[in-house]
>>> print(open('model-v2.txt').read())   # compact mmCIF, N, CA and C atoms
# COMPACT_ATOMS: atom_id res chain seq x y z
N LEU A 100 21.27 -8.56 22.37
CA LEU A 100 22.65 -8.67 22.79
C LEU A 100 22.92 -10.07 23.31
N ALA A 101 24.05 -10.59 23.00
CA ALA A 101 24.44 -11.90 23.50
C ALA A 101 25.86 -11.80 24.02
N LEU A 102 26.08 -12.37 25.16
CA LEU A 102 27.42 -12.43 25.72
C LEU A 102 27.97 -13.79 25.39
N VAL A 103 29.18 -13.85 24.84
CA VAL A 103 29.78 -15.11 24.44
C VAL A 103 30.95 -15.39 25.35
N GLY A 104 31.09 -16.65 25.74
CA GLY A 104 32.21 -17.04 26.58
C GLY A 104 31.83 -17.01 28.05
N THR A 105 32.76 -17.39 28.87
CA THR A 105 32.54 -17.41 30.31
C THR A 105 33.22 -16.22 30.94
N PRO A 106 32.47 -15.39 31.68
CA PRO A 106 33.10 -14.22 32.29
C PRO A 106 34.04 -14.64 33.42
N LEU A 107 35.05 -13.83 33.66
CA LEU A 107 35.96 -14.08 34.76
C LEU A 107 35.24 -13.83 36.08
N VAL A 108 35.57 -14.61 37.08
CA VAL A 108 34.95 -14.44 38.40
C VAL A 108 35.31 -13.08 38.96
N GLY A 109 34.33 -12.35 39.46
CA GLY A 109 34.55 -11.06 40.07
C GLY A 109 34.63 -9.91 39.08
N VAL A 110 34.63 -10.18 37.80
CA VAL A 110 34.69 -9.13 36.79
C VAL A 110 33.36 -9.11 36.05
N PRO A 111 32.63 -7.98 36.09
CA PRO A 111 31.35 -7.97 35.40
C PRO A 111 31.55 -8.09 33.90
N PRO A 112 30.68 -8.87 33.23
CA PRO A 112 30.80 -8.97 31.79
C PRO A 112 30.56 -7.62 31.13
N VAL A 113 31.16 -7.41 29.98
CA VAL A 113 31.00 -6.16 29.25
C VAL A 113 30.10 -6.43 28.06
N ALA A 114 29.05 -5.67 27.92
CA ALA A 114 28.18 -5.79 26.77
C ALA A 114 28.62 -4.79 25.71
N ARG A 115 28.36 -5.09 24.49
CA ARG A 115 28.62 -4.17 23.39
C ARG A 115 27.31 -3.51 23.02
N ALA A 116 27.32 -2.20 22.98
CA ALA A 116 26.11 -1.46 22.63
C ALA A 116 25.88 -1.57 21.13
N ALA A 117 24.65 -1.83 20.76
CA ALA A 117 24.30 -1.77 19.35
C ALA A 117 24.41 -0.31 18.93
N ASP A 118 24.40 -0.06 17.67
CA ASP A 118 24.45 1.34 17.24
C ASP A 118 23.24 2.05 17.81
N CYS A 119 23.46 2.80 18.85
CA CYS A 119 22.38 3.52 19.52
C CYS A 119 22.61 5.00 19.29
N ALA A 120 21.83 5.58 18.43
CA ALA A 120 21.90 7.02 18.19
C ALA A 120 21.00 7.69 19.22
N GLY A 121 21.46 7.67 20.45
CA GLY A 121 20.67 8.21 21.56
C GLY A 121 21.29 7.77 22.86
N VAL A 122 20.46 7.31 23.79
CA VAL A 122 20.89 6.91 25.12
C VAL A 122 20.69 5.40 25.27
N THR A 123 21.74 4.68 25.64
CA THR A 123 21.64 3.25 25.91
C THR A 123 21.11 3.08 27.33
N VAL A 124 20.16 2.19 27.52
CA VAL A 124 19.57 1.94 28.83
C VAL A 124 19.82 0.47 29.21
N VAL A 125 20.36 0.25 30.41
CA VAL A 125 20.63 -1.08 30.95
C VAL A 125 19.74 -1.28 32.16
N VAL A 126 18.99 -2.39 32.18
CA VAL A 126 18.16 -2.70 33.35
C VAL A 126 18.56 -4.09 33.83
N ASP A 127 19.00 -4.17 35.09
CA ASP A 127 19.46 -5.42 35.69
C ASP A 127 18.35 -5.99 36.58
N PHE A 128 17.73 -7.07 36.08
CA PHE A 128 16.67 -7.77 36.81
C PHE A 128 17.23 -8.95 37.60
N GLY A 129 18.56 -9.08 37.67
CA GLY A 129 19.21 -10.25 38.25
C GLY A 129 18.74 -10.64 39.63
N SER A 130 18.61 -9.70 40.54
CA SER A 130 18.20 -10.05 41.91
C SER A 130 16.73 -10.43 41.99
N LEU A 131 16.01 -10.23 40.88
CA LEU A 131 14.58 -10.59 40.83
C LEU A 131 14.36 -11.86 40.00
N GLY A 132 15.45 -12.56 39.70
CA GLY A 132 15.35 -13.80 38.95
C GLY A 132 15.43 -13.64 37.45
N GLY A 133 15.71 -12.43 36.98
CA GLY A 133 15.85 -12.20 35.55
C GLY A 133 17.28 -11.86 35.21
N GLY A 134 17.54 -11.54 33.99
CA GLY A 134 18.88 -11.19 33.56
C GLY A 134 19.03 -9.69 33.39
N VAL A 135 20.03 -9.32 32.64
CA VAL A 135 20.29 -7.92 32.32
C VAL A 135 19.81 -7.68 30.89
N ARG A 136 19.04 -6.63 30.71
CA ARG A 136 18.53 -6.28 29.38
C ARG A 136 18.95 -4.87 29.03
N THR A 137 19.15 -4.63 27.74
CA THR A 137 19.50 -3.30 27.28
C THR A 137 18.53 -2.85 26.21
N GLY A 138 18.43 -1.55 26.07
CA GLY A 138 17.59 -0.95 25.04
C GLY A 138 18.18 0.38 24.62
N CYS A 139 17.62 0.95 23.57
CA CYS A 139 18.10 2.22 23.06
C CYS A 139 16.96 3.23 23.05
N ALA A 140 17.19 4.38 23.65
CA ALA A 140 16.26 5.51 23.58
C ALA A 140 16.81 6.44 22.51
N ALA A 141 16.23 6.38 21.32
CA ALA A 141 16.73 7.14 20.19
C ALA A 141 16.64 8.64 20.44
N GLY A 142 17.57 9.37 19.84
CA GLY A 142 17.53 10.82 19.91
C GLY A 142 18.03 11.36 21.23
N ASP A 143 17.34 12.37 21.73
CA ASP A 143 17.74 13.07 22.96
C ASP A 143 16.57 13.08 23.93
N PRO A 144 16.36 11.98 24.69
CA PRO A 144 15.25 11.95 25.63
C PRO A 144 15.39 13.06 26.68
N ALA A 145 14.26 13.62 27.09
CA ALA A 145 14.24 14.77 28.00
C ALA A 145 14.59 14.42 29.44
N SER A 146 14.46 13.14 29.81
CA SER A 146 14.74 12.74 31.19
C SER A 146 15.13 11.26 31.23
N GLY A 147 15.60 10.84 32.39
CA GLY A 147 15.91 9.42 32.57
C GLY A 147 14.67 8.56 32.45
N LEU A 148 13.54 9.07 32.91
CA LEU A 148 12.29 8.31 32.77
C LEU A 148 11.88 8.21 31.31
N ALA A 149 12.06 9.29 30.55
CA ALA A 149 11.74 9.26 29.12
C ALA A 149 12.66 8.26 28.41
N ALA A 150 13.95 8.21 28.80
CA ALA A 150 14.89 7.27 28.20
C ALA A 150 14.48 5.83 28.53
N LEU A 151 14.12 5.58 29.78
CA LEU A 151 13.70 4.24 30.20
C LEU A 151 12.51 3.78 29.37
N ASN A 152 11.53 4.64 29.22
CA ASN A 152 10.34 4.30 28.46
C ASN A 152 10.65 4.13 26.98
N ALA A 153 11.41 5.05 26.40
CA ALA A 153 11.72 4.99 24.98
C ALA A 153 12.58 3.78 24.63
N ALA A 154 13.32 3.26 25.61
CA ALA A 154 14.15 2.07 25.38
C ALA A 154 13.35 0.78 25.49
N GLY A 155 12.05 0.91 25.75
CA GLY A 155 11.18 -0.26 25.77
C GLY A 155 10.87 -0.82 27.13
N PHE A 156 11.12 -0.07 28.18
CA PHE A 156 10.85 -0.54 29.54
C PHE A 156 9.68 0.25 30.13
N GLY A 157 8.69 -0.45 30.63
CA GLY A 157 7.60 0.21 31.33
C GLY A 157 7.97 0.39 32.79
N TYR A 158 7.40 1.38 33.43
CA TYR A 158 7.69 1.60 34.86
C TYR A 158 6.44 2.07 35.58
N THR A 159 6.47 1.88 36.90
CA THR A 159 5.39 2.32 37.78
C THR A 159 6.00 3.14 38.89
N SER A 160 5.43 4.31 39.14
CA SER A 160 5.86 5.16 40.26
C SER A 160 5.00 4.86 41.48
N THR A 161 5.52 5.22 42.65
CA THR A 161 4.73 5.04 43.87
C THR A 161 3.63 6.09 43.92
N ALA A 162 2.55 5.76 44.60
CA ALA A 162 1.40 6.67 44.69
C ALA A 162 1.71 7.90 45.53
N ARG A 163 2.45 7.72 46.62
CA ARG A 163 2.69 8.85 47.53
C ARG A 163 3.96 9.63 47.22
N GLN A 164 4.85 9.08 46.42
CA GLN A 164 6.07 9.77 46.02
C GLN A 164 6.19 9.66 44.50
N PRO A 165 5.39 10.42 43.76
CA PRO A 165 5.46 10.33 42.30
C PRO A 165 6.89 10.54 41.80
N GLY A 166 7.29 9.73 40.86
CA GLY A 166 8.64 9.79 40.35
C GLY A 166 9.57 8.77 40.98
N PHE A 167 9.21 8.24 42.14
CA PHE A 167 10.00 7.17 42.75
C PHE A 167 9.58 5.87 42.09
N ILE A 168 10.48 5.20 41.39
CA ILE A 168 10.16 4.01 40.62
C ILE A 168 10.10 2.79 41.53
N CYS A 169 8.95 2.12 41.52
CA CYS A 169 8.81 0.92 42.34
C CYS A 169 8.80 -0.35 41.50
N ARG A 170 8.48 -0.26 40.22
CA ARG A 170 8.49 -1.43 39.33
C ARG A 170 9.01 -1.03 37.96
N ILE A 171 9.78 -1.92 37.37
CA ILE A 171 10.16 -1.80 35.96
C ILE A 171 9.69 -3.09 35.30
N ASN A 172 8.96 -2.94 34.20
CA ASN A 172 8.35 -4.08 33.50
C ASN A 172 7.54 -4.96 34.46
N GLY A 173 6.88 -4.32 35.43
CA GLY A 173 5.98 -5.02 36.33
C GLY A 173 6.63 -5.75 37.49
N VAL A 174 7.94 -5.62 37.66
CA VAL A 174 8.59 -6.31 38.78
C VAL A 174 9.34 -5.32 39.66
N PRO A 175 9.37 -5.57 40.97
CA PRO A 175 8.82 -6.75 41.64
C PRO A 175 7.30 -6.64 41.76
N GLY A 176 6.63 -7.70 41.46
CA GLY A 176 5.17 -7.71 41.46
C GLY A 176 4.54 -7.61 42.83
N ASP A 177 5.31 -7.89 43.88
CA ASP A 177 4.73 -7.86 45.23
C ASP A 177 4.80 -6.48 45.88
N ASP A 178 5.41 -5.51 45.22
CA ASP A 178 5.47 -4.15 45.77
C ASP A 178 4.14 -3.46 45.49
N PRO A 179 3.43 -2.99 46.53
CA PRO A 179 2.14 -2.34 46.30
C PRO A 179 2.26 -0.94 45.68
N CYS A 180 3.46 -0.40 45.61
CA CYS A 180 3.72 0.90 44.98
C CYS A 180 2.93 2.05 45.60
N VAL A 181 2.82 2.03 46.90
CA VAL A 181 2.16 3.12 47.62
C VAL A 181 3.22 4.08 48.14
N ASN A 182 4.18 3.55 48.91
CA ASN A 182 5.27 4.34 49.48
C ASN A 182 6.58 3.97 48.81
N ALA A 183 7.61 4.76 49.07
CA ALA A 183 8.94 4.45 48.55
C ALA A 183 9.38 3.09 49.07
N SER A 184 10.11 2.36 48.24
CA SER A 184 10.61 1.04 48.62
C SER A 184 11.66 1.19 49.71
N PRO A 185 11.90 0.13 50.50
CA PRO A 185 12.92 0.20 51.55
C PRO A 185 14.32 0.27 50.96
N PRO A 186 15.31 0.74 51.74
CA PRO A 186 16.67 0.88 51.22
C PRO A 186 17.34 -0.45 50.86
N THR A 187 16.73 -1.56 51.21
CA THR A 187 17.30 -2.87 50.87
C THR A 187 16.66 -3.47 49.62
N ALA A 188 15.66 -2.80 49.05
CA ALA A 188 14.95 -3.37 47.90
C ALA A 188 14.32 -2.25 47.07
N TYR A 189 15.15 -1.59 46.26
CA TYR A 189 14.65 -0.50 45.42
C TYR A 189 15.40 -0.50 44.09
N TRP A 190 14.87 0.24 43.13
CA TRP A 190 15.52 0.39 41.84
C TRP A 190 16.55 1.52 41.93
N GLY A 191 17.83 1.17 41.95
CA GLY A 191 18.90 2.16 41.94
C GLY A 191 19.11 2.69 40.53
N TYR A 192 19.45 3.95 40.43
CA TYR A 192 19.58 4.64 39.15
C TYR A 192 21.01 5.12 38.97
N TRP A 193 21.61 4.79 37.82
CA TRP A 193 23.02 5.01 37.55
C TRP A 193 23.24 5.69 36.20
N HIS A 194 24.40 6.32 36.02
CA HIS A 194 24.79 6.95 34.76
C HIS A 194 26.21 6.51 34.42
N ALA A 195 26.54 6.58 33.13
CA ALA A 195 27.91 6.26 32.71
C ALA A 195 28.17 6.76 31.30
N ARG A 196 29.43 6.81 30.97
CA ARG A 196 29.85 7.00 29.59
C ARG A 196 30.03 5.60 29.02
N PRO A 197 29.83 5.41 27.73
CA PRO A 197 30.01 4.08 27.15
C PRO A 197 31.40 3.52 27.45
N GLY A 198 31.44 2.29 27.98
CA GLY A 198 32.71 1.65 28.32
C GLY A 198 33.34 2.18 29.59
N GLY A 199 32.68 3.13 30.27
CA GLY A 199 33.23 3.73 31.50
C GLY A 199 32.79 2.99 32.75
N SER A 200 32.65 3.73 33.83
CA SER A 200 32.24 3.18 35.12
C SER A 200 30.90 3.75 35.52
N TRP A 201 30.12 2.97 36.23
CA TRP A 201 28.83 3.44 36.73
C TRP A 201 29.02 4.47 37.82
N VAL A 202 28.17 5.50 37.81
CA VAL A 202 28.14 6.53 38.85
C VAL A 202 26.69 6.60 39.34
N TYR A 203 26.51 6.45 40.66
CA TYR A 203 25.17 6.50 41.24
C TYR A 203 24.59 7.90 41.03
N SER A 204 23.35 7.96 40.61
CA SER A 204 22.73 9.25 40.32
C SER A 204 22.42 10.02 41.59
N ASP A 205 22.76 11.31 41.57
CA ASP A 205 22.41 12.17 42.70
C ASP A 205 21.15 12.97 42.42
N THR A 206 20.49 12.68 41.30
CA THR A 206 19.22 13.31 40.97
C THR A 206 18.22 12.23 40.58
N SER A 207 16.96 12.57 40.60
CA SER A 207 15.94 11.61 40.22
C SER A 207 15.94 11.41 38.71
N ALA A 208 15.43 10.28 38.28
CA ALA A 208 15.37 9.99 36.85
C ALA A 208 14.45 10.97 36.13
N GLY A 209 13.47 11.52 36.84
CA GLY A 209 12.56 12.49 36.23
C GLY A 209 13.19 13.85 36.01
N SER A 210 14.24 14.17 36.77
CA SER A 210 14.87 15.48 36.63
C SER A 210 16.24 15.41 35.95
N HIS A 211 16.75 14.22 35.71
CA HIS A 211 18.05 14.08 35.03
C HIS A 211 17.83 14.09 33.52
N ASP A 212 18.64 14.85 32.81
CA ASP A 212 18.56 14.95 31.34
C ASP A 212 19.78 14.25 30.74
N PRO A 213 19.65 12.97 30.36
CA PRO A 213 20.81 12.25 29.84
C PRO A 213 21.21 12.74 28.44
N ALA A 214 22.48 12.91 28.23
CA ALA A 214 22.98 13.36 26.93
C ALA A 214 23.02 12.19 25.96
N PRO A 215 22.73 12.45 24.69
CA PRO A 215 22.88 11.38 23.70
C PRO A 215 24.31 10.83 23.74
N GLY A 216 24.42 9.53 23.59
CA GLY A 216 25.73 8.88 23.65
C GLY A 216 26.10 8.37 25.02
N THR A 217 25.28 8.66 26.04
CA THR A 217 25.57 8.18 27.39
C THR A 217 24.78 6.91 27.68
N VAL A 218 25.01 6.36 28.87
CA VAL A 218 24.36 5.12 29.29
C VAL A 218 23.64 5.37 30.61
N GLU A 219 22.41 4.89 30.69
CA GLU A 219 21.63 4.94 31.92
C GLU A 219 21.53 3.51 32.45
N GLY A 220 21.59 3.33 33.76
CA GLY A 220 21.51 1.99 34.34
C GLY A 220 20.53 1.93 35.49
N TRP A 221 19.88 0.79 35.62
CA TRP A 221 18.94 0.52 36.70
C TRP A 221 19.25 -0.87 37.25
N ALA A 222 19.25 -1.02 38.57
CA ALA A 222 19.47 -2.32 39.19
C ALA A 222 18.63 -2.39 40.46
N PHE A 223 17.97 -3.52 40.67
CA PHE A 223 17.13 -3.69 41.85
C PHE A 223 17.94 -4.33 42.97
N GLY A 224 17.78 -3.81 44.17
CA GLY A 224 18.45 -4.36 45.34
C GLY A 224 18.68 -3.30 46.39
N SER A 225 19.88 -3.31 46.97
CA SER A 225 20.20 -2.38 48.04
C SER A 225 21.20 -1.33 47.59
N GLY A 226 21.14 -0.95 46.34
CA GLY A 226 22.00 0.11 45.83
C GLY A 226 23.16 -0.38 45.00
N GLN A 227 23.20 -1.68 44.67
CA GLN A 227 24.30 -2.16 43.84
C GLN A 227 24.12 -1.69 42.40
N GLN A 228 25.24 -1.56 41.71
CA GLN A 228 25.20 -1.11 40.32
C GLN A 228 24.76 -2.25 39.42
N PRO A 229 24.40 -1.94 38.18
CA PRO A 229 24.05 -3.01 37.24
C PRO A 229 25.17 -4.04 37.12
N GLY A 230 24.80 -5.28 36.85
CA GLY A 230 25.74 -6.39 36.83
C GLY A 230 26.61 -6.49 35.60
N ILE A 231 26.50 -5.55 34.67
CA ILE A 231 27.42 -5.50 33.54
C ILE A 231 28.03 -4.10 33.51
N ALA A 232 29.21 -4.02 32.92
CA ALA A 232 29.82 -2.70 32.72
C ALA A 232 29.00 -1.92 31.72
N PRO A 233 29.05 -0.60 31.76
CA PRO A 233 28.33 0.20 30.77
C PRO A 233 28.74 -0.24 29.36
N PRO A 234 27.77 -0.55 28.51
CA PRO A 234 28.12 -1.03 27.17
C PRO A 234 29.04 -0.07 26.43
N ALA A 235 30.05 -0.65 25.81
CA ALA A 235 31.01 0.13 25.03
C ALA A 235 30.47 0.36 23.64
N PRO A 236 30.95 1.39 22.99
CA PRO A 236 30.52 1.60 21.60
C PRO A 236 31.01 0.44 20.73
N PRO A 237 30.30 0.16 19.65
CA PRO A 237 30.73 -0.95 18.79
C PRO A 237 32.10 -0.67 18.19
N ALA A 238 32.84 -1.75 17.97
CA ALA A 238 34.16 -1.62 17.34
C ALA A 238 33.98 -1.15 15.89
N PRO A 239 34.90 -0.31 15.42
CA PRO A 239 34.77 0.18 14.04
C PRO A 239 34.96 -0.93 13.02
>>> encode(input="model-v2.txt", output="structure tokens")
Amino acid sequence: LALVGTPLVGVPPVARAADCAGVTVVVDFGSLGGGVRTGCAAGDPASGLAALNAAGFGYTSTARQPGFICRINGVPGDDPCVNASPPTAYWGYWHARPGGSWVYSDTSAGSHDPAPGTVEGWAFGSGQQPGIAPPAPPAP
């Protein structure tokens, strides 16, 4: 995905989802010095964790709270992944409809069953949503 042009100040850029016959996954590494990346979990993944993995993102759970995600693609590398991360530095988990608005998840990624055609989002920090709007379906 490539964003073209300069985004307006205060308005998150909108990405266009590639033809994803499944669940689009957005991971925002911005607060960790990286950018925003997207992937596609083809088909009907059984959980948010399955979608994250199928979209090409590796993850690590904490040792004492299995299912609590402490790293995605190995970052942040300084988290020992023993206990849950503090409320100021954790991977927040979000859901959306394509082109819609992010909604903070009230369930864990391991117990949420995302429907095909929806968008899953992850952002590291103190609970902020991903830095781009949920990718819209491609124009016909």
>>> closest_residue(input="model-v2.txt", among="A:Ser210, A:Ser130, A:Thr123, A:Thr161", to="Gly224 (chain A)", atoms="only C-alpha atoms")
A:Ser130
>>> residues_around(input="model-v2.txt", residues="Pro185 (chain A)", least_positions_apart="3", cutoff="8 Å", atoms="all atoms listed in the file", output="CSV table (one decimal) with N, CA and C atoms, in the coordinates of the input")
chain,number,residue,atom,x,y,z
A,182,ASN,N,4.2,3.6,48.9
A,182,ASN,CA,5.3,4.3,49.5
A,182,ASN,C,6.6,4.0,48.8
A,188,ALA,N,15.7,-2.8,49.0
A,188,ALA,CA,15.0,-3.4,47.9
A,188,ALA,C,14.3,-2.2,47.1
A,189,TYR,N,15.2,-1.6,46.3
A,189,TYR,CA,14.6,-0.5,45.4
A,189,TYR,C,15.4,-0.5,44.1
A,190,TRP,N,14.9,0.2,43.1
A,190,TRP,CA,15.5,0.4,41.8
A,190,TRP,C,16.6,1.5,41.9
A,224,GLY,N,17.8,-3.8,44.2
A,224,GLY,CA,18.4,-4.4,45.3
A,224,GLY,C,18.7,-3.3,46.4
A,225,SER,N,19.9,-3.3,47.0
A,225,SER,CA,20.2,-2.4,48.0
A,225,SER,C,21.2,-1.3,47.6
>>> atom_distance(input="model-v2.txt", atom1="atom N of Leu148 (chain A)", atom2="CA of Thr187 (chain A)")
21.9 Å
>>> atom_distance(input="model-v2.txt", atom1="CA of Gly226 (chain A)", atom2="CA of Pro186 (chain A)")
7.6 Å
>>> select_by_dssp(input="model-v2.txt", residues="region 100-229 of chain A", states="alpha helix (DSSP H)", output="ChimeraX atom specification")
/A:147-153
>>> atom_distance(input="model-v2.txt", atom1="CA of Pro236 (chain A)", atom2="CA of Tyr158 (chain A)")
26.4 Å
>>> closest_residue(input="model-v2.txt", among="A:Val174, A:Gly121, A:Gln228, A:Thr217", to="Tyr203 (chain A)", atoms="only N, CA and C atoms")
A:Gln228
>>> closest_residue(input="model-v2.txt", among="A:Gly157, A:Gly191, A:Gly133, A:Gly199", to="Pro233 (chain A)", atoms="only N, CA and C atoms")
A:Gly199
>>> closest_residue(input="model-v2.txt", among="A:Cys119, A:Ala232, A:Pro144, A:Leu151", to="Gly198 (chain A)", atoms="all atoms listed in the file")
A:Ala232
>>> closest_residue(input="model-v2.txt", among="A:Ala145, A:Ala235, A:Cys180, A:Ala153", to="Pro213 (chain A)", atoms="all atoms listed in the file")
A:Ala145
>>> residues_near_point(input="model-v2.txt", point="(17.7, 7.3, 24.0)", cutoff="12 Å", atoms="only C-alpha atoms", output="PyMOL selection string")
chain A and resi 118-125+137-156+212-219
>>> residues_near_point(input="model-v2.txt", point="(19.8, 4.5, 35.1)", cutoff="5 Å", atoms="all atoms listed in the file", output="number ranges by chain")
A: 192-193, 219-221
>>> write_last_selection(input="model-v2.txt", atoms="N, CA and C atoms", output="short mmCIF file (atom, residue, chain, number, x, y, z; two decimals), keeping the file's coordinate frame")
data_model
loop_
_atom_site.label_atom_id
_atom_site.label_comp_id
_atom_site.auth_asym_id
_atom_site.auth_seq_id
_atom_site.Cartn_x
_atom_site.Cartn_y
_atom_site.Cartn_z
N TYR A 192 19.45 3.95 40.43
CA TYR A 192 19.58 4.64 39.15
C TYR A 192 21.01 5.12 38.97
N TRP A 193 21.61 4.79 37.82
CA TRP A 193 23.02 5.01 37.55
C TRP A 193 23.24 5.69 36.20
N GLU A 219 22.41 4.89 30.69
CA GLU A 219 21.63 4.94 31.92
C GLU A 219 21.53 3.51 32.45
N GLY A 220 21.59 3.33 33.76
CA GLY A 220 21.51 1.99 34.34
C GLY A 220 20.53 1.93 35.49
N TRP A 221 19.88 0.79 35.62
CA TRP A 221 18.94 0.52 36.70
C TRP A 221 19.25 -0.87 37.25
#
>>> residues_around(input="model-v2.txt", residues="Arg136 (chain A)", least_positions_apart="6", cutoff="8 Å", atoms="only N, CA and C atoms", output="list in words")
Leu100, Val124, Val125, Val126, Asp127, Phe128 and Gly129 of chain A
>>> axis_aligned_box(input="model-v2.txt", around="region 193-204 of chain A", padding_each_side="5 Å", output="JSON")
{"center_x": 27.5, "center_y": 5.8, "center_z": 34.4, "size_x": 21.7, "size_y": 18.4, "size_z": 24.4}
>>> select_by_dssp(input="model-v2.txt", residues="chain A", states="strand (DSSP E)", output="compact mmCIF listing (two decimals) with N, CA and C atoms, in the frame of the given file")
# COMPACT_ATOMS: atom_id res chain seq x y z
N VAL A 113 31.16 -7.41 29.98
CA VAL A 113 31.00 -6.16 29.25
C VAL A 113 30.10 -6.43 28.06
N ALA A 114 29.05 -5.67 27.92
CA ALA A 114 28.18 -5.79 26.77
C ALA A 114 28.62 -4.79 25.71
N ARG A 115 28.36 -5.09 24.49
CA ARG A 115 28.62 -4.17 23.39
C ARG A 115 27.31 -3.51 23.02
N GLY A 121 21.46 7.67 20.45
CA GLY A 121 20.67 8.21 21.56
C GLY A 121 21.29 7.77 22.86
N VAL A 122 20.46 7.31 23.79
CA VAL A 122 20.89 6.91 25.12
C VAL A 122 20.69 5.40 25.27
N THR A 123 21.74 4.68 25.64
CA THR A 123 21.64 3.25 25.91
C THR A 123 21.11 3.08 27.33
N VAL A 124 20.16 2.19 27.52
CA VAL A 124 19.57 1.94 28.83
C VAL A 124 19.82 0.47 29.21
N VAL A 125 20.36 0.25 30.41
CA VAL A 125 20.63 -1.08 30.95
C VAL A 125 19.74 -1.28 32.16
N VAL A 126 18.99 -2.39 32.18
CA VAL A 126 18.16 -2.70 33.35
C VAL A 126 18.56 -4.09 33.83
N ASP A 127 19.00 -4.17 35.09
CA ASP A 127 19.46 -5.42 35.69
C ASP A 127 18.35 -5.99 36.58
N VAL A 135 20.03 -9.32 32.64
CA VAL A 135 20.29 -7.92 32.32
C VAL A 135 19.81 -7.68 30.89
N ARG A 136 19.04 -6.63 30.71
CA ARG A 136 18.53 -6.28 29.38
C ARG A 136 18.95 -4.87 29.03
N THR A 137 19.15 -4.63 27.74
CA THR A 137 19.50 -3.30 27.28
C THR A 137 18.53 -2.85 26.21
N GLY A 138 18.43 -1.55 26.07
CA GLY A 138 17.59 -0.95 25.04
C GLY A 138 18.18 0.38 24.62
N CYS A 139 17.62 0.95 23.57
CA CYS A 139 18.10 2.22 23.06
C CYS A 139 16.96 3.23 23.05
N ALA A 140 17.19 4.38 23.65
CA ALA A 140 16.26 5.51 23.58
C ALA A 140 16.81 6.44 22.51
N ALA A 141 16.23 6.38 21.32
CA ALA A 141 16.73 7.14 20.19
C ALA A 141 16.64 8.64 20.44
N TYR A 158 7.40 1.38 33.43
CA TYR A 158 7.69 1.60 34.86
C TYR A 158 6.44 2.07 35.58
N THR A 159 6.47 1.88 36.90
CA THR A 159 5.39 2.32 37.78
C THR A 159 6.00 3.14 38.89
N SER A 160 5.43 4.31 39.14
CA SER A 160 5.86 5.16 40.26
C SER A 160 5.00 4.86 41.48
N ILE A 168 10.48 5.20 41.39
CA ILE A 168 10.16 4.01 40.62
C ILE A 168 10.10 2.79 41.53
N CYS A 169 8.95 2.12 41.52
CA CYS A 169 8.81 0.92 42.34
C CYS A 169 8.80 -0.35 41.50
N ARG A 170 8.48 -0.26 40.22
CA ARG A 170 8.49 -1.43 39.33
C ARG A 170 9.01 -1.03 37.96
N ILE A 171 9.78 -1.92 37.37
CA ILE A 171 10.16 -1.80 35.96
C ILE A 171 9.69 -3.09 35.30
N TYR A 189 15.15 -1.59 46.26
CA TYR A 189 14.65 -0.50 45.42
C TYR A 189 15.40 -0.50 44.09
N TRP A 190 14.87 0.24 43.13
CA TRP A 190 15.52 0.39 41.84
C TRP A 190 16.55 1.52 41.93
N GLY A 191 17.83 1.17 41.95
CA GLY A 191 18.90 2.16 41.94
C GLY A 191 19.11 2.69 40.53
N TYR A 192 19.45 3.95 40.43
CA TYR A 192 19.58 4.64 39.15
C TYR A 192 21.01 5.12 38.97
N TRP A 193 21.61 4.79 37.82
CA TRP A 193 23.02 5.01 37.55
C TRP A 193 23.24 5.69 36.20
N HIS A 194 24.40 6.32 36.02
CA HIS A 194 24.79 6.95 34.76
C HIS A 194 26.21 6.51 34.42
N ALA A 195 26.54 6.58 33.13
CA ALA A 195 27.91 6.26 32.71
C ALA A 195 28.17 6.76 31.30
N VAL A 202 28.17 5.50 37.81
CA VAL A 202 28.14 6.53 38.85
C VAL A 202 26.69 6.60 39.34
N TYR A 203 26.51 6.45 40.66
CA TYR A 203 25.17 6.50 41.24
C TYR A 203 24.59 7.90 41.03
N VAL A 218 25.01 6.36 28.87
CA VAL A 218 24.36 5.12 29.29
C VAL A 218 23.64 5.37 30.61
N GLU A 219 22.41 4.89 30.69
CA GLU A 219 21.63 4.94 31.92
C GLU A 219 21.53 3.51 32.45
N GLY A 220 21.59 3.33 33.76
CA GLY A 220 21.51 1.99 34.34
C GLY A 220 20.53 1.93 35.49
N TRP A 221 19.88 0.79 35.62
CA TRP A 221 18.94 0.52 36.70
C TRP A 221 19.25 -0.87 37.25
N ALA A 222 19.25 -1.02 38.57
CA ALA A 222 19.47 -2.32 39.19
C ALA A 222 18.63 -2.39 40.46
N PHE A 223 17.97 -3.52 40.67
CA PHE A 223 17.13 -3.69 41.85
C PHE A 223 17.94 -4.33 42.97
N GLY A 224 17.78 -3.81 44.17
CA GLY A 224 18.45 -4.36 45.34
C GLY A 224 18.68 -3.30 46.39
N ALA A 232 29.21 -4.02 32.92
CA ALA A 232 29.82 -2.70 32.72
C ALA A 232 29.00 -1.92 31.72
N PRO A 233 29.05 -0.60 31.76
CA PRO A 233 28.33 0.20 30.77
C PRO A 233 28.74 -0.24 29.36
N PRO A 234 27.77 -0.55 28.51
CA PRO A 234 28.12 -1.03 27.17
C PRO A 234 29.04 -0.07 26.43
N ALA A 235 30.05 -0.65 25.81
CA ALA A 235 31.01 0.13 25.03
C ALA A 235 30.47 0.36 23.64
